[in-house]
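Pasted below: final_9.pdb, PDB, C-alpha atoms, pLDDT in the B column.
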```pdb
ATOM      1  CA  MET A  80      -1.892  14.622  30.771  1.00 69.00           C
ATOM      2  CA  LYS A  81       0.687  12.613  32.647  1.00 71.00           C
ATOM      3  CA  PRO A  82       4.203  12.095  31.228  1.00 69.00           C
ATOM      4  CA  ASN A  83       3.611   8.354  30.733  1.00 76.00           C
ATOM      5  CA  GLU A  84       0.440   9.052  28.761  1.00 74.00           C
ATOM      6  CA  ARG A  85       2.310  11.482  26.503  1.00 75.00           C
ATOM      7  CA  GLU A  86       5.052   8.912  25.901  1.00 77.00           C
ATOM      8  CA  SER A  87       2.468   6.271  25.058  1.00 79.00           C
ATOM      9  CA  ILE A  88       0.731   8.581  22.585  1.00 84.00           C
ATOM     10  CA  ASN A  89       4.082   9.517  21.037  1.00 88.00           C
ATOM     11  CA  ASP A  90       5.056   5.839  20.744  1.00 89.00           C
ATOM     12  CA  GLU A  91       1.743   5.022  19.067  1.00 92.00           C
ATOM     13  CA  ALA A  92       2.118   7.934  16.661  1.00 93.00           C
ATOM     14  CA  GLU A  93       5.684   6.907  15.801  1.00 95.00           C
ATOM     15  CA  GLU A  94       4.556   3.320  15.175  1.00 96.00           C
ATOM     16  CA  GLU A  95       1.738   4.452  12.913  1.00 96.00           C
ATOM     17  CA  ASN A  96       4.109   6.753  11.007  1.00 97.00           C
ATOM     18  CA  ARG A  97       6.508   3.836  10.553  1.00 97.00           C
ATOM     19  CA  ARG A  98       3.708   1.672   9.162  1.00 97.00           C
ATOM     20  CA  ILE A  99       2.622   4.486   6.826  1.00 97.00           C
ATOM     21  CA  ARG A 100       6.182   4.889   5.509  1.00 98.00           C
ATOM     22  CA  THR A 101       6.462   1.127   5.022  1.00 98.00           C
ATOM     23  CA  LEU A 102       3.227   1.012   3.049  1.00 98.00           C
ATOM     24  CA  ARG A 103       4.175   4.044   0.971  1.00 97.00           C
ATOM     25  CA  LEU A 104       7.525   2.465   0.061  1.00 98.00           C
ATOM     26  CA  LEU A 105       5.868  -0.848  -0.765  1.00 98.00           C
ATOM     27  CA  VAL A 106       3.306   0.817  -3.015  1.00 98.00           C
ATOM     28  CA  ASP A 107       5.860   3.034  -4.750  1.00 98.00           C
ATOM     29  CA  PHE A 108       8.268   0.138  -5.290  1.00 98.00           C
ATOM     30  CA  SER A 109       5.485  -2.108  -6.574  1.00 98.00           C
ATOM     31  CA  LEU A 110       4.213   0.517  -9.003  1.00 98.00           C
ATOM     32  CA  ALA A 111       7.734   1.037 -10.344  1.00 98.00           C
ATOM     33  CA  TYR A 112       8.298  -2.716 -10.601  1.00 98.00           C
ATOM     34  CA  LEU A 113       5.052  -3.228 -12.494  1.00 98.00           C
ATOM     35  CA  ALA A 114       5.791  -0.335 -14.833  1.00 98.00           C
ATOM     36  CA  GLN A 115       9.314  -1.539 -15.659  1.00 98.00           C
ATOM     37  CA  THR A 116       8.887  -5.294 -16.014  1.00 97.00           C
ATOM     38  CA  LYS A 117       7.234  -7.451 -18.625  1.00 96.00           C
ATOM     39  CA  LEU A 118       4.915  -9.526 -16.479  1.00 97.00           C
ATOM     40  CA  PRO A 119       1.804 -11.271 -17.741  1.00 98.00           C
ATOM     41  CA  LEU A 120      -1.354  -9.493 -16.605  1.00 98.00           C
ATOM     42  CA  GLU A 121      -2.198 -12.285 -14.156  1.00 98.00           C
ATOM     43  CA  GLU A 122       1.162 -11.951 -12.418  1.00 98.00           C
ATOM     44  CA  ALA A 123       0.841  -8.179 -12.276  1.00 98.00           C
ATOM     45  CA  GLN A 124      -2.578  -8.584 -10.665  1.00 98.00           C
ATOM     46  CA  ALA A 125      -1.045 -10.995  -8.155  1.00 98.00           C
ATOM     47  CA  VAL A 126       1.521  -8.328  -7.223  1.00 98.00           C
ATOM     48  CA  VAL A 127      -1.321  -5.877  -6.555  1.00 98.00           C
ATOM     49  CA  GLU A 128      -3.108  -8.456  -4.405  1.00 98.00           C
ATOM     50  CA  GLY A 129       0.098  -9.088  -2.472  1.00 98.00           C
ATOM     51  CA  VAL A 130       0.503  -5.380  -1.779  1.00 98.00           C
ATOM     52  CA  LYS A 131      -3.094  -5.202  -0.595  1.00 98.00           C
ATOM     53  CA  LYS A 132      -2.590  -8.173   1.742  1.00 98.00           C
ATOM     54  CA  GLN A 133       0.490  -6.550   3.235  1.00 98.00           C
ATOM     55  CA  ALA A 134      -1.377  -3.255   3.621  1.00 98.00           C
ATOM     56  CA  LEU A 135      -4.113  -5.058   5.535  1.00 98.00           C
ATOM     57  CA  ARG A 136      -1.492  -6.652   7.794  1.00 98.00           C
ATOM     58  CA  LEU A 137      -0.134  -3.202   8.542  1.00 98.00           C
ATOM     59  CA  PHE A 138      -3.589  -1.628   8.848  1.00 98.00           C
ATOM     60  CA  PRO A 139      -6.270  -4.195   9.689  1.00 97.00           C
ATOM     61  CA  ASP A 140      -9.845  -3.165   8.875  1.00 95.00           C
ATOM     62  CA  LYS A 141      -8.653  -0.499   6.411  1.00 96.00           C
ATOM     63  CA  GLU A 142      -9.472  -2.309   3.182  1.00 97.00           C
ATOM     64  CA  GLU A 143     -11.831   0.443   2.062  1.00 98.00           C
ATOM     65  CA  THR A 144      -9.123   3.039   2.637  1.00 97.00           C
ATOM     66  CA  PHE A 145      -6.666   1.026   0.535  1.00 97.00           C
ATOM     67  CA  ASP A 146      -9.279   0.679  -2.195  1.00 98.00           C
ATOM     68  CA  LEU A 147      -9.881   4.438  -2.212  1.00 98.00           C
ATOM     69  CA  ILE A 148      -6.269   5.617  -2.046  1.00 97.00           C
ATOM     70  CA  TYR A 149      -4.003   3.034  -3.649  1.00 98.00           C
ATOM     71  CA  LEU A 150      -6.104   0.722  -5.812  1.00 98.00           C
ATOM     72  CA  PRO A 151      -6.897   3.443  -8.400  1.00 98.00           C
ATOM     73  CA  ARG A 152      -3.160   3.999  -8.917  1.00 98.00           C
ATOM     74  CA  PHE A 153      -2.612   0.293  -9.582  1.00 98.00           C
ATOM     75  CA  ARG A 154      -5.664   0.063 -11.836  1.00 98.00           C
ATOM     76  CA  ARG A 155      -4.547   3.074 -13.858  1.00 98.00           C
ATOM     77  CA  LEU A 156      -1.094   1.579 -14.368  1.00 98.00           C
ATOM     78  CA  LEU A 157      -2.449  -1.842 -15.365  1.00 98.00           C
ATOM     79  CA  ARG A 158      -5.032  -0.279 -17.674  1.00 98.00           C
ATOM     80  CA  GLU A 159      -2.360   1.789 -19.450  1.00 97.00           C
ATOM     81  CA  LYS A 160       0.272  -0.943 -19.600  1.00 97.00           C
ATOM     82  CA  TYR A 161      -2.017  -3.761 -20.720  1.00 96.00           C
ATOM     83  CA  HIS A 162      -4.360  -1.586 -22.812  1.00 96.00           C
ATOM     84  CA  LEU A 163      -7.409  -2.487 -20.732  1.00 93.00           C
ATOM     85  CA  HIS A 164     -10.663  -0.567 -20.823  1.00 81.00           C
TER
END
```
This structure in structure tokens:
Amino acid sequence: MKPNERESINDEAEEENRRIRTLRLLVDFSLAYLAQTKLPLEEAQAVVEGVKKQALRLFPDKEETFDLIYLPRFRRLLREKYHLH
């Protein structure tokens, strides 16, 4: 592998790690916000949709991954907070 190819791979990996950290912070902040505020259910659901939209901006074509990893955390919180079944 040539030095330029290694740099390119490293740059791509660093960019992906940055996007992962950004998404993780967004999800963690949003979960904390939802848990600590008294929002109507509809507004809380809008927050979740906003997080999902941002996740898809960061990671296009990864909707299924979001739904598998993060959506259950949001659903669990909303179910517990709003006594949904």
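Nearest to Leu110 of chain A of all the residues A:Leu156, A:Leu163, A:Leu147, A:Ala125 is A:Leu156, based on all atoms listed in the file.
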Inset, instruction - Could you tell me which of A:Asn83, A:Glu142, A:His162, A:Arg154 comes closest to Gln124 of chain A if we count only C-alpha atoms? - result: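 Selected residue with least distance to Gln124 of chain A: A:Arg154.
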Legend entry - Residue nearest Arg152 of chain A among A:Glu95, A:Asp107, A:Asp90, A:Glu121 (counting only C-alpha atoms):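 Using only C-alpha atoms, Arg152 of chain A sits closest to A:Asp107.
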Legend entry - Expected selection from the PyMOL selection byres ((chain A and resi 131) around 12), given as a PyMOL selection string: chain A and resi 102-103+105-106+109+124-130+132-150+153
Inset, instruction - Figure out the distance between atom CA of His164 of chain A and atom CA of Thr116 of chain A, please, to one decimal in Å. - result: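 Computed distance, atom CA of Thr116 of chain A to atom CA of His164 of chain A, equals 20.7 Å.
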